[in-house]
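What follows is the content of protein13.txt (compact mmCIF, C-alpha atoms).
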```
# COMPACT_ATOMS: atom_id res chain seq x y z
CA MET A 21 4.43 21.82 -1.00
CA THR A 22 1.57 23.40 0.94
CA THR A 23 -1.98 22.20 0.34
CA SER A 24 -4.71 24.83 0.57
CA ASP A 25 -7.42 24.65 3.24
CA ALA A 26 -10.02 24.40 0.46
CA ARG A 27 -8.28 21.32 -0.96
CA LEU A 28 -8.11 19.75 2.50
CA ALA A 29 -11.84 20.29 2.94
CA GLN A 30 -12.49 18.76 -0.48
CA ILE A 31 -10.53 15.62 0.43
CA SER A 32 -12.36 15.30 3.75
CA SER A 33 -15.74 15.71 2.08
CA ARG A 34 -15.01 13.10 -0.60
CA PHE A 35 -13.78 10.60 1.99
CA ALA A 36 -16.87 11.14 4.18
CA GLU A 37 -19.08 10.60 1.14
CA LEU A 38 -17.37 7.28 0.35
CA GLU A 39 -17.64 6.16 3.98
CA ALA A 40 -21.37 6.92 3.96
CA ARG A 41 -21.95 5.05 0.68
CA LEU A 42 -20.11 1.95 1.90
CA ALA A 43 -21.92 2.03 5.26
CA SER A 44 -25.34 2.39 3.64
CA GLY A 45 -25.44 -1.24 2.52
CA THR A 46 -27.02 -0.24 -0.80
CA LEU A 47 -23.99 -0.89 -3.00
CA GLU A 48 -23.68 -4.24 -4.75
CA GLY A 49 -21.46 -5.96 -7.27
CA ALA A 50 -19.25 -3.72 -9.39
CA ASP A 51 -20.44 -0.56 -7.60
CA PHE A 52 -19.32 -1.93 -4.23
CA VAL A 53 -15.97 -3.07 -5.64
CA SER A 54 -15.38 0.32 -7.25
CA ALA A 55 -16.32 2.28 -4.11
CA SER A 56 -14.15 0.00 -1.95
CA ARG A 57 -11.18 0.54 -4.24
CA ASP A 58 -11.70 4.33 -4.18
CA TYR A 59 -11.98 4.24 -0.39
CA ALA A 60 -8.76 2.25 0.01
CA GLU A 61 -6.87 4.64 -2.28
CA LEU A 62 -8.25 7.79 -0.64
CA GLU A 63 -7.93 6.67 3.00
CA PRO A 64 -4.19 7.44 3.47
CA VAL A 65 -4.69 10.82 1.78
CA ALA A 66 -7.69 11.63 3.99
CA ARG A 67 -5.85 10.62 7.17
CA ALA A 68 -2.84 12.76 6.24
CA ALA A 69 -5.10 15.68 5.29
CA GLU A 70 -6.99 15.45 8.58
CA ALA A 71 -3.71 15.52 10.52
CA VAL A 72 -2.70 18.72 8.72
CA ARG A 73 -6.12 20.31 9.28
CA GLU A 74 -5.99 19.54 12.99
CA MET A 75 -2.50 20.96 13.35
CA ARG A 76 -3.41 24.13 11.47
CA GLY A 77 -6.57 24.56 13.54
CA GLU A 78 -4.71 24.04 16.81
CA LEU A 79 -2.03 26.51 15.74
CA ALA A 80 -4.65 29.15 14.95
CA SER A 81 -6.28 28.62 18.37
CA LEU A 82 -2.93 28.94 20.16
CA GLU A 83 -2.10 32.14 18.34
CA ALA A 84 -5.49 33.59 19.28
CA MET A 85 -4.92 32.54 22.90
CA ASP A 86 -1.52 34.26 22.83
CA GLU A 87 -3.17 37.56 21.93
CA ALA A 88 -6.18 37.31 24.29
CA ASP A 89 -4.66 35.86 27.46
CA PRO A 90 -1.24 37.22 28.55
CA GLU A 91 -1.05 34.69 31.42
CA MET A 92 -1.25 31.77 28.99
CA ARG A 93 1.11 33.39 26.49
CA ALA A 94 4.26 31.45 27.44
CA MET A 95 2.54 28.07 27.31
CA ALA A 96 0.77 28.94 24.05
CA GLN A 97 3.98 30.10 22.42
CA GLU A 98 5.81 26.93 23.44
CA GLU A 99 3.05 24.69 22.07
CA ALA A 100 2.80 26.76 18.90
CA GLN A 101 6.54 26.37 18.30
CA ARG A 102 6.19 22.60 18.63
CA ILE A 103 3.39 22.49 16.06
CA LYS A 104 5.26 24.81 13.67
CA ALA A 105 8.21 22.43 13.84
CA GLU A 106 6.06 19.35 13.13
CA LEU A 107 3.71 20.86 10.54
CA PRO A 108 6.15 20.84 7.57
CA HIS A 109 6.69 17.10 8.03
CA ALA A 110 2.93 16.48 8.13
CA GLU A 111 2.45 18.58 4.98
CA HIS A 112 5.27 16.70 3.25
CA GLN A 113 3.66 13.36 4.12
CA LEU A 114 0.35 14.64 2.74
CA ALA A 115 2.07 15.72 -0.49
CA LEU A 116 3.56 12.23 -0.85
CA THR A 117 0.15 10.56 -0.49
CA MET A 118 -1.26 12.92 -3.13
CA LEU A 119 1.38 12.09 -5.76
CA PRO A 120 -0.09 10.51 -8.90
CA ARG A 121 -0.13 6.76 -8.37
CA ASP A 122 0.90 4.12 -10.85
CA SER A 123 -2.32 2.22 -11.45
CA ALA A 124 -0.32 -1.02 -11.34
CA ASP A 125 1.23 -0.40 -7.90
CA SER A 126 -1.29 -2.55 -6.05
CA ARG A 127 -0.99 -5.49 -8.43
CA PRO A 128 0.87 -8.77 -7.96
CA ALA A 129 4.06 -9.03 -9.99
CA MET A 130 5.75 -11.44 -12.31
CA LEU A 131 9.49 -11.73 -11.62
CA GLU A 132 11.73 -12.86 -14.48
CA ILE A 133 15.45 -13.45 -13.87
CA ARG A 134 17.77 -14.51 -16.69
CA ALA A 135 21.48 -15.28 -16.66
CA GLY A 136 23.46 -12.83 -18.77
CA THR A 137 27.16 -12.69 -19.57
CA GLY A 138 29.25 -15.10 -17.52
CA GLY A 139 28.06 -18.61 -18.40
CA ASP A 140 27.58 -20.92 -15.41
CA GLU A 141 28.64 -18.19 -12.98
CA ALA A 142 25.91 -15.90 -14.32
CA ALA A 143 23.37 -18.71 -13.82
CA LEU A 144 24.56 -19.18 -10.22
CA PHE A 145 24.20 -15.42 -9.66
CA ALA A 146 20.67 -15.56 -11.11
CA ALA A 147 19.88 -18.19 -8.46
CA ASP A 148 21.36 -15.92 -5.78
CA LEU A 149 19.14 -13.05 -6.95
CA PHE A 150 16.06 -15.26 -6.84
CA GLY A 151 16.97 -16.30 -3.30
CA MET A 152 17.30 -12.61 -2.39
CA TYR A 153 13.82 -11.82 -3.64
CA GLN A 154 12.41 -14.90 -1.92
CA GLY A 155 13.96 -13.74 1.35
CA TYR A 156 12.62 -10.19 0.91
CA ALA A 157 9.17 -11.55 0.04
CA ALA A 158 9.19 -13.51 3.32
CA THR A 159 9.83 -10.28 5.28
CA GLN A 160 6.81 -8.72 3.54
CA GLY A 161 4.47 -11.67 4.01
CA TRP A 162 4.19 -12.21 0.25
CA ARG A 163 3.55 -15.50 -1.51
CA VAL A 164 6.08 -16.69 -4.11
CA GLU A 165 5.15 -19.30 -6.71
CA VAL A 166 7.63 -20.52 -9.31
CA ASP A 167 6.01 -20.61 -12.75
CA SER A 168 8.93 -22.00 -14.76
CA VAL A 169 12.63 -22.64 -14.32
CA ASN A 170 15.50 -23.61 -16.59
CA ALA A 171 18.34 -24.78 -14.35
CA ASN A 172 21.92 -25.81 -15.10
CA ASP A 173 23.82 -28.75 -13.63
CA LEU A 174 25.43 -26.59 -10.90
CA GLY A 175 22.12 -25.46 -9.40
CA GLY A 176 22.06 -22.11 -11.16
CA PHE A 177 19.20 -20.70 -13.21
CA LYS A 178 19.50 -19.87 -16.88
CA GLU A 179 15.99 -18.48 -16.46
CA ILE A 180 13.40 -18.48 -13.71
CA ILE A 181 9.93 -16.93 -13.74
CA ALA A 182 7.88 -16.57 -10.57
CA SER A 183 4.65 -14.92 -9.45
CA LEU A 184 4.63 -12.79 -6.29
CA SER A 185 1.38 -11.85 -4.61
CA GLY A 186 0.64 -9.78 -1.53
CA ASN A 187 0.31 -6.19 -0.40
CA GLY A 188 2.09 -3.64 -2.63
CA VAL A 189 4.26 -6.13 -4.52
CA PHE A 190 4.72 -4.21 -7.76
CA ALA A 191 5.00 -0.85 -5.98
CA LYS A 192 8.03 -2.10 -4.03
CA LEU A 193 9.74 -4.21 -6.69
CA LYS A 194 9.24 -2.14 -9.84
CA PHE A 195 12.63 -0.43 -9.53
CA GLU A 196 14.42 -3.82 -9.55
CA SER A 197 14.18 -4.18 -13.34
CA GLY A 198 17.53 -3.91 -15.06
CA VAL A 199 20.99 -5.47 -15.23
CA HIS A 200 22.45 -6.70 -11.94
CA ARG A 201 26.23 -7.21 -11.99
CA VAL A 202 28.30 -9.41 -9.69
CA GLN A 203 32.04 -9.30 -9.04
CA ARG A 204 33.46 -12.39 -7.29
CA VAL A 205 35.64 -15.47 -7.63
CA PRO A 206 33.40 -18.09 -9.30
CA VAL A 207 33.18 -21.57 -7.86
CA THR A 208 34.17 -22.75 -11.34
CA GLU A 209 37.42 -20.71 -11.23
CA SER A 210 40.46 -22.63 -9.97
CA GLY A 211 42.90 -19.71 -10.22
CA GLY A 212 41.09 -17.52 -7.72
CA ARG A 213 40.56 -14.66 -10.17
CA ILE A 214 37.66 -12.24 -9.76
CA HIS A 215 35.15 -12.38 -12.61
CA THR A 216 32.35 -10.03 -13.54
CA SER A 217 29.04 -11.62 -14.52
CA ALA A 218 25.52 -10.33 -14.92
CA ALA A 219 21.87 -11.28 -14.81
CA THR A 220 18.82 -9.38 -15.96
CA VAL A 221 15.77 -8.84 -13.79
CA ALA A 222 12.32 -7.88 -15.06
CA VAL A 223 9.41 -7.09 -12.76
CA LEU A 224 6.06 -6.87 -14.53
CA PRO A 225 2.62 -6.11 -13.09
CA VAL A 226 0.39 -9.14 -13.54
CA ALA A 227 -2.35 -8.52 -16.09
CA GLU A 228 -5.97 -9.54 -15.75
CA GLU A 229 -8.13 -10.77 -18.61
CA VAL A 230 -9.88 -7.40 -18.83
CA ASP A 231 -6.53 -5.65 -19.38
CA VAL A 232 -5.51 -7.53 -22.51
CA GLU A 233 -7.78 -9.37 -24.90
CA ILE A 234 -6.05 -12.27 -26.66
CA GLU A 235 -7.96 -13.70 -29.61
CA ASP A 236 -7.58 -17.35 -30.56
CA LYS A 237 -6.63 -16.44 -34.14
CA ASP A 238 -3.63 -14.46 -32.82
CA ILE A 239 -2.06 -17.45 -31.04
CA LYS A 240 -0.16 -20.42 -32.40
CA ILE A 241 -0.10 -23.31 -29.90
CA ASP A 242 2.50 -26.08 -30.03
CA ILE A 243 2.31 -29.11 -27.73
CA TYR A 244 5.34 -31.31 -27.10
CA ARG A 245 6.98 -33.52 -24.48
CA ALA A 246 8.55 -31.68 -21.55
CA SER A 247 12.24 -32.21 -20.82
CA GLY A 248 14.50 -31.28 -17.94
CA ALA A 249 18.09 -30.12 -17.54
CA GLY A 250 20.47 -31.91 -19.87
CA GLY A 251 17.62 -33.00 -22.11
CA GLN A 252 16.22 -35.84 -19.99
CA HIS A 253 12.46 -36.28 -20.16
CA VAL A 254 10.65 -35.26 -17.01
CA ASN A 255 7.43 -37.01 -17.99
CA THR A 256 6.08 -39.28 -20.69
CA THR A 257 3.16 -37.20 -21.91
CA ASP A 258 2.92 -34.30 -24.33
CA SER A 259 2.22 -31.66 -21.69
CA ALA A 260 4.63 -28.81 -22.54
CA VAL A 261 3.04 -25.80 -24.23
CA ARG A 262 4.59 -23.16 -26.46
CA LEU A 263 2.46 -20.13 -27.28
CA THR A 264 3.42 -17.76 -30.09
CA HIS A 265 1.60 -14.44 -30.24
CA LEU A 266 1.52 -13.82 -33.98
CA PRO A 267 0.99 -10.01 -33.99
CA THR A 268 4.00 -9.34 -31.74
CA GLY A 269 6.14 -12.46 -32.14
CA LEU A 270 6.24 -13.01 -28.37
CA VAL A 271 6.88 -16.65 -27.43
CA VAL A 272 6.04 -18.24 -24.08
CA ILE A 273 7.04 -21.79 -23.12
CA GLN A 274 5.52 -23.52 -20.10
CA GLN A 275 6.39 -27.10 -19.11
CA ASP A 276 6.68 -27.20 -15.34
CA GLN A 277 3.21 -28.63 -14.72
CA ARG A 278 2.36 -32.22 -15.59
CA SER A 279 -1.01 -31.13 -16.95
CA GLN A 280 -1.18 -29.67 -20.45
CA HIS A 281 -4.21 -27.64 -19.37
CA LYS A 282 -2.32 -26.08 -16.43
CA ASN A 283 0.70 -25.33 -18.58
CA LYS A 284 -1.50 -23.60 -21.16
CA ALA A 285 -3.25 -21.54 -18.46
CA LYS A 286 0.08 -20.43 -16.98
CA ALA A 287 1.49 -19.65 -20.42
CA LEU A 288 -1.53 -17.46 -21.18
CA THR A 289 -1.01 -15.59 -17.91
CA VAL A 290 2.64 -14.95 -18.76
CA LEU A 291 1.76 -13.89 -22.31
CA ARG A 292 -1.00 -11.58 -21.11
CA THR A 293 1.35 -9.99 -18.59
CA ARG A 294 4.06 -9.37 -21.20
CA LEU A 295 1.53 -7.87 -23.60
CA TYR A 296 0.26 -5.64 -20.79
CA ASP A 297 3.84 -4.53 -20.16
CA LEU A 298 4.18 -3.58 -23.84
CA LYS A 299 0.89 -1.70 -23.63
CA ARG A 300 2.09 0.21 -20.56
CA ALA A 301 5.40 1.03 -22.25
CA GLU A 302 3.57 2.47 -25.26
CA ALA A 303 1.25 4.48 -23.01
CA HIS A 304 4.26 5.92 -21.17
CA GLY A 305 6.11 6.75 -24.38
CA ASP A 306 5.12 10.41 -24.18
CA GLU A 307 6.56 10.53 -20.67
CA ALA A 308 9.96 9.10 -21.64
CA GLU A 309 11.89 12.29 -20.99
CA ALA A 310 10.20 12.82 -17.64
CA ARG A 311 10.89 9.23 -16.62
CA LYS A 312 14.62 9.68 -17.27
CA ALA A 313 14.65 12.18 -14.43
CA MET A 314 13.24 9.61 -12.04
CA VAL A 315 15.06 6.73 -10.36
CA GLY A 316 15.10 4.63 -13.49
CA SER A 317 13.11 3.83 -16.57
CA GLY A 318 12.82 0.12 -15.81
CA ASP A 319 14.77 -0.61 -18.99
CA ARG A 320 16.20 -4.10 -18.64
CA SER A 321 19.35 -3.06 -20.54
CA GLU A 322 20.20 -0.48 -17.89
CA ARG A 323 22.91 -1.53 -15.40
CA ILE A 324 21.42 -0.67 -12.05
CA ARG A 325 23.38 -2.45 -9.32
CA THR A 326 26.74 -4.09 -8.56
CA TYR A 327 27.29 -6.80 -5.95
CA ASN A 328 31.00 -6.84 -5.06
CA PHE A 329 31.94 -9.88 -2.97
CA PRO A 330 35.62 -9.09 -2.20
CA GLN A 331 34.58 -5.76 -0.64
CA GLY A 332 31.27 -7.03 0.77
CA ARG A 333 29.37 -4.14 -0.76
CA VAL A 334 26.32 -3.49 -2.92
CA THR A 335 26.12 -0.28 -4.97
CA ASP A 336 22.98 1.04 -6.63
CA HIS A 337 24.24 3.22 -9.47
CA ARG A 338 21.00 5.17 -9.96
CA ILE A 339 21.14 6.83 -6.55
CA ASN A 340 24.86 6.39 -5.83
CA LEU A 341 24.10 4.41 -2.68
CA THR A 342 26.63 1.87 -1.39
CA LEU A 343 25.88 -0.46 1.50
CA HIS A 344 28.55 -2.70 3.02
CA ARG A 345 26.00 -5.36 3.94
CA LEU A 346 26.17 -7.74 0.99
CA PRO A 347 25.38 -11.01 2.86
CA GLU A 348 22.33 -9.49 4.56
CA ILE A 349 21.09 -8.01 1.28
CA LEU A 350 21.45 -11.31 -0.59
CA GLU A 351 19.53 -13.03 2.20
CA GLY A 352 16.68 -10.59 1.48
CA ALA A 353 16.41 -8.99 4.92
CA GLY A 354 18.73 -6.13 3.94
CA LEU A 355 17.17 -5.47 0.54
CA GLY A 356 14.45 -3.30 2.08
CA GLU A 357 16.91 -0.47 2.78
CA LEU A 358 17.81 -0.27 -0.91
CA ILE A 359 14.18 -0.47 -2.01
CA ASP A 360 13.06 2.19 0.48
CA ALA A 361 15.87 4.50 -0.68
CA LEU A 362 14.84 4.07 -4.32
CA ILE A 363 11.19 4.81 -3.53
CA ALA A 364 12.14 7.87 -1.47
CA GLU A 365 14.36 9.22 -4.27
CA ASP A 366 11.61 8.71 -6.83
CA GLN A 367 9.08 10.50 -4.60
CA ALA A 368 11.44 13.41 -3.96
CA LYS A 369 12.08 13.93 -7.66
CA ARG A 370 8.40 13.71 -8.55
CA LEU A 371 7.56 16.23 -5.82
CA ALA A 372 10.25 18.55 -7.15
CA ALA A 373 8.89 18.15 -10.70
CA LEU A 374 5.39 19.09 -9.51
CA GLY A 375 6.75 22.20 -7.82
CA GLU A 376 8.51 23.49 -10.93
```
What's the structure tokens form of this structure?
Amino acid sequence: MTTSDARLAQISSRFAELEARLASGTLEGADFVSASRDYAELEPVARAAEAVREMRGELASLEAMDEADPEMRAMAQEEAQRIKAELPHAEHQLALTMLPRDSADSRPAMLEIRAGTGGDEAALFAADLFGMYQGYAATQGWRVEVDSVNANDLGGFKEIIASLSGNGVFAKLKFESGVHRVQRVPVTESGGRIHTSAATVAVLPVAEEVDVEIEDKDIKIDIYRASGAGGQHVNTTDSAVRLTHLPTGLVVIQQDQRSQHKNKAKALTVLRTRLYDLKRAEAHGDEAEARKAMVGSGDRSERIRTYNFPQGRVTDHRINLTLHRLPEILEGAGLGELIDALIAEDQAKRLAALGE
């Protein structure tokens, strides 16, 4: 896609205006926050637009030099050929920065992993997946905080919920939602037979209080004594909290903190985030057909990836990409290649859709 010179000038003018407003020192409170957010979002677009403007301007000057000065013609033609070769890439990068952004891309994320079919082996795989995301988060400089966990006796997770914060968390992890399948010989299998198990992953953008209003009359709160794996009590006070959102039937249980107040606060955060996810799904309902053409809908019932241990490979079924680097991917360091490929595919398809 080629962006017009008029559009480039418009981007440059808007960015200069925001720079001047922020530098003036007259903005305060919400106005300063809003202008800072606009500046941060527009900056990569403005930088890419300026690069294209400079290349176009230099190309025009070289072509004029070619006509006016025969002695400089060879040098001008050589330089012009270099710019003509580089300009399409610069224009493509600009087009990528101008793609409509998901308003949730810059938010922290809530990661929910649940064991699916496969019993104890599925729970062990859920723990492997959590370790993978922990490892990837470390490569990105993100913070991971476990909100709640339901473990089995083998060290697997029937369910684990964690909060991830840092730069671009949701933007990078949003394509991880879906069914992850594993093929391997379980540690619980004495006959050495390969089993197929699964776990579901959900990545939700964390909601703020302004995003979802939860009224007291819409919540039923139950307080009880927290218990650990196998039913043993982990403390002797009634600190566990179960919230039921009456209008939707959503239920959130939080018992990992010893304080009832902290458990209630965390449960409200989880509930608010799930309600925000429902709200986003409803808002995107009209775009359902368009979203099917993208990398994936984020539907948690959709099988997205297979981890095959005997062959040491990981296959992402949405983009037909297979990498024979399973150990590195499960450690987290190799996951970035899959995530980058998913993002690139999504961008390419959205660019193509805009050009139709």
_If we draw a sphere of 12 Å around (6.2, -13.1, -27.9), which residues have at least one atom in it when counting only C-alpha atoms? Please report them as a ChimeraX atom specification._
/A:238-240,262-273,287-288,290-298
*Point-to-point distance from CA of Arg134 (chain A) to CA of Asp173 (chain A), Å rounded to tenths*: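 Those two atoms sit 15.8 Å apart.
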_Please report the interatomic distance between CA of Leu184 (chain A) and CA of Ser217 (chain A) in Å with one decimal._
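These atoms are spaced 25.8 Å apart.
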Taking all atoms of region 325-336 of chain A that the file lists, what box with edges along x, y and z, padded by 4 Å per side, do you get, with centre and edge lengths in Å to one decimal, as lines of an AutoDock Vina configuration file?
```
center_x = 29.3
center_y = -4.4
center_z = -4.3
size_x = 20.6
size_y = 18.9
size_z = 18.1
```
*Hey, what's within 12 Å of Ala364 (chain A) if we count only C-alpha atoms and toss same-chain stuff fewer than 4 positions away? As an MDAnalysis selection string, please?*
chainID A and resid 113 116 192 195 314:315 339 356:360 368:371
Compile the contact shell of Gly332 (chain A) as a short mmCIF file (atom, residue, chain, number, x, y, z; two decimals) with C-alpha atoms, in the frame of the given file: residues with an atom at most 8 Å away, counting only C-alpha atoms, same-chain residues fewer than 4 positions apart removed.
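Result saved to part.cif:
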```cif
data_model
loop_
_atom_site.label_atom_id
_atom_site.label_comp_id
_atom_site.auth_asym_id
_atom_site.auth_seq_id
_atom_site.Cartn_x
_atom_site.Cartn_y
_atom_site.Cartn_z
CA TYR A 327 27.29 -6.80 -5.95
CA ASN A 328 31.00 -6.84 -5.06
CA HIS A 344 28.55 -2.70 3.02
CA ARG A 345 26.00 -5.36 3.94
CA LEU A 346 26.17 -7.74 0.99
CA PRO A 347 25.38 -11.01 2.86
#
```
*Could you pull the residues within 8 Å of Leu42 (chain A), counting only C-alpha atoms, minus those fewer than 6 positions along the same chain, as a PyMOL selection string?*
chain A and resi 52+55-56
_For Val334 (chain A), the nearest of the candidates A:Ile363, A:Val202, A:Ala222, A:Ala147, counting only C-alpha atoms_ =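 That would be A:Val202, the residue with the smallest distance to Val334 (chain A).
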*Counting all atoms listed in the file, which of A:Lys284, A:Arg27, A:Arg323, A:Arg127 gets nearest to Leu193 (chain A)?*
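The answer is A:Arg127, which sits nearest to Leu193 (chain A).
Distance annotation: of A:Arg201, A:Arg333, A:Glu196, A:Ala218, the residue with the minimal separation from Leu362 (chain A) is A:Glu196; atom set is only C-alpha atoms.
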*Which one is closest to Glu229 (chain A): A:Ile241, A:Ala285, A:Ala69, A:Leu174? Count all atoms listed in the file.*
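Closest to Glu229 (chain A) of all the choices is A:Ala285.
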_Selected residue of minimal separation from Leu149 (chain A) among A:Ala110, A:Val199, A:Ala129, A:Ala68, counting only C-alpha atoms_ = A:Val199
Please return, as a short mmCIF file (atom, residue, chain, number, x, y, z; two decimals) with C-alpha atoms, in the frame of the given file, all polymer residues that have at least one atom within 8 Å of the point (14.5, -9.9, 0.9); use all atoms listed in the file and the file's own coordinate frame.
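The result, stored in selection08.cif:
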```
data_model
loop_
_atom_site.label_atom_id
_atom_site.label_comp_id
_atom_site.auth_asym_id
_atom_site.auth_seq_id
_atom_site.Cartn_x
_atom_site.Cartn_y
_atom_site.Cartn_z
CA MET A 152 17.30 -12.61 -2.39
CA TYR A 153 13.82 -11.82 -3.64
CA GLN A 154 12.41 -14.90 -1.92
CA GLY A 155 13.96 -13.74 1.35
CA TYR A 156 12.62 -10.19 0.91
CA ALA A 157 9.17 -11.55 0.04
CA ALA A 158 9.19 -13.51 3.32
CA THR A 159 9.83 -10.28 5.28
CA ILE A 349 21.09 -8.01 1.28
CA LEU A 350 21.45 -11.31 -0.59
CA GLU A 351 19.53 -13.03 2.20
CA GLY A 352 16.68 -10.59 1.48
CA ALA A 353 16.41 -8.99 4.92
CA GLY A 354 18.73 -6.13 3.94
CA LEU A 355 17.17 -5.47 0.54
CA GLY A 356 14.45 -3.30 2.08
#
```
